[in-house]
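*Asks:* Pasting my_file25.csv here (CSV, C-alpha atoms):
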chain,number,residue,atom,x,y,z
N,3,MET,CA,-18.7,-22.2,-40.8
N,4,LYS,CA,-18.7,-18.8,-39.2
N,5,LYS,CA,-15.9,-16.4,-39.9
N,6,TYR,CA,-14.6,-14.0,-37.3
N,7,ASP,CA,-13.1,-10.6,-38.0
N,8,ILE,CA,-10.2,-10.7,-35.5
N,9,LYS,CA,-7.9,-7.8,-35.7
N,10,PRO,CA,-4.3,-8.2,-34.6
N,11,ASP,CA,-3.2,-6.2,-31.6
N,12,HIS,CA,0.1,-4.7,-32.4
N,13,HIS,CA,0.4,-3.0,-29.1
N,14,ILE,CA,0.0,-6.0,-26.8
N,15,ARG,CA,3.6,-5.7,-25.3
N,16,ALA,CA,3.2,-2.0,-24.7
N,17,LYS,CA,-0.2,-2.5,-23.0
N,18,ARG,CA,1.3,-5.3,-20.9
N,19,ALA,CA,4.2,-3.1,-19.9
N,20,CYS,CA,1.9,-0.2,-18.9
N,21,LEU,CA,-0.3,-2.5,-16.8
N,22,THR,CA,2.7,-4.0,-15.1
N,23,GLY,CA,4.1,-0.5,-14.3
N,24,LEU,CA,0.7,0.6,-13.0
N,25,THR,CA,0.4,-2.5,-10.7
N,26,ILE,CA,3.9,-2.1,-9.3
N,27,GLY,CA,3.5,1.6,-8.9
N,28,LEU,CA,0.2,1.2,-7.0
N,29,LEU,CA,1.8,-1.4,-4.7
N,30,LEU,CA,4.7,1.0,-3.9
N,31,LEU,CA,2.3,3.9,-3.5
N,32,PHE,CA,0.4,1.7,-1.0
N,33,GLN,CA,3.6,1.1,0.9
N,34,ALA,CA,4.3,4.9,1.1
N,35,VAL,CA,0.8,5.4,2.4
N,36,ARG,CA,1.3,2.7,5.1
N,37,VAL,CA,4.4,4.6,6.3
N,38,LEU,CA,2.6,7.9,6.3
N,39,TRP,CA,-0.3,6.4,8.3
N,40,HIS,CA,1.9,6.3,11.4
N,41,PHE,CA,3.2,9.8,10.7
N,42,PRO,CA,3.7,11.0,14.4
N,43,GLU,CA,5.5,7.8,15.4
N,44,ASN,CA,8.1,7.9,12.6
N,45,GLU,CA,11.3,9.9,12.3
N,46,GLY,CA,11.3,13.0,10.1
N,47,TRP,CA,13.5,11.5,7.4
N,48,ARG,CA,11.2,8.5,7.0
N,49,ASN,CA,8.1,10.7,6.6
N,50,ALA,CA,9.9,12.9,4.1
N,51,LEU,CA,11.1,9.9,2.1
N,52,ALA,CA,7.6,8.3,2.1
N,53,GLY,CA,6.1,11.6,1.0
N,54,VAL,CA,8.5,12.2,-1.9
N,55,SER,CA,8.4,8.6,-3.1
N,56,GLY,CA,4.6,8.5,-2.8
N,57,LEU,CA,4.4,11.6,-5.1
N,58,ILE,CA,6.8,10.1,-7.6
N,59,TRP,CA,4.9,6.8,-7.7
N,60,LEU,CA,1.6,8.7,-8.1
N,61,LEU,CA,3.0,10.6,-11.1
N,62,LEU,CA,4.4,7.4,-12.6
N,63,CYS,CA,1.1,5.6,-12.1
N,64,GLY,CA,-0.7,8.5,-13.8
N,65,ALA,CA,1.6,8.4,-16.7
N,66,SER,CA,1.3,4.7,-17.1
N,67,TYR,CA,-2.5,4.8,-16.9
N,68,TRP,CA,-2.6,7.7,-19.5
N,69,LYS,CA,-0.3,5.7,-21.9
N,70,TYR,CA,-2.5,2.6,-21.5
N,71,ARG,CA,-5.7,4.5,-22.2
N,72,LYS,CA,-4.0,6.0,-25.3
N,73,LEU,CA,-3.0,2.6,-26.6
N,74,THR,CA,-6.5,1.1,-26.0
N,75,ARG,CA,-8.2,3.9,-28.0
N,76,GLN,CA,-6.1,3.2,-31.1
Would you kindly transcribe this structure into structure tokens?

*Replies:*
Amino acid sequence: MKKYDIKPDHHIRAKRACLTGLTIGLLLLFQAVRVLWHFPENEGWRNALAGVSGLIWLLLCGASYWKYRKLTRQ
């Protein structure tokens, strides 16, 4: 019988939360880019809102990715 050296993953919930946050953030960032794609046709407030929310989601995606990479290296 072959024995396996399986190490428990204590950070599985944190990794799952990071990947979920990254996925949702990328979807919302995609929506902001879709709004900005039609920049000349939109009202000014819609373009400003899409630009600000796109930057916020980009920062949150970056933080989520950084935290996930940190957890996978441990």

*Asks:* I'd like the contact shell of Cys20 of chain N - 12 Å cut-off, only C-alpha atoms, skipping same-chain residues fewer than 2 positions apart - returned as JSON, numbers by chain.

*Replies:* {"N": [13, 14, 15, 16, 17, 18, 22, 23, 24, 25, 26, 27, 62, 63, 64, 65, 66, 67, 68, 69, 70, 71, 72, 73, 74]}

*Asks:* Which neighbours of Ser55 of chain N fall inside 10 Å, counting all atoms listed in the file, when residues of the same chain fewer than 2 positions from it are skipped, and could you give them as an MDAnalysis selection string?

*Replies:* chainID N and resid 30:31 33:35 49:53 57:61

*Asks:* Restricting the calculation to only C-alpha atoms, which member of N:Pro10, N:Ala19, N:Lys5, N:Gly56 is positioned closest to Arg36 of chain N?

*Replies:*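 The shortest atom-to-atom distance to Arg36 of chain N comes from N:Gly56.
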
*Asks:* So how far away is atom CA of Arg75 of chain N from atom CA of Asp11 of chain N, in Å?

*Replies:*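 Distance between the two atoms: 11.8 Å.
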
*Asks:* Between atom CA of Asn44 of chain N and atom CA of Leu29 of chain N, what is the spacing in Å?

*Replies:*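 About the pair atom CA of Leu29 of chain N and atom CA of Asn44 of chain N: they are 20.6 Å apart.
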
*Asks:* Quick one: distance from atom CA of Phe32 of chain N to atom CA of Trp47 of chain N in Å, one decimal?

*Replies:* 18.4 Å
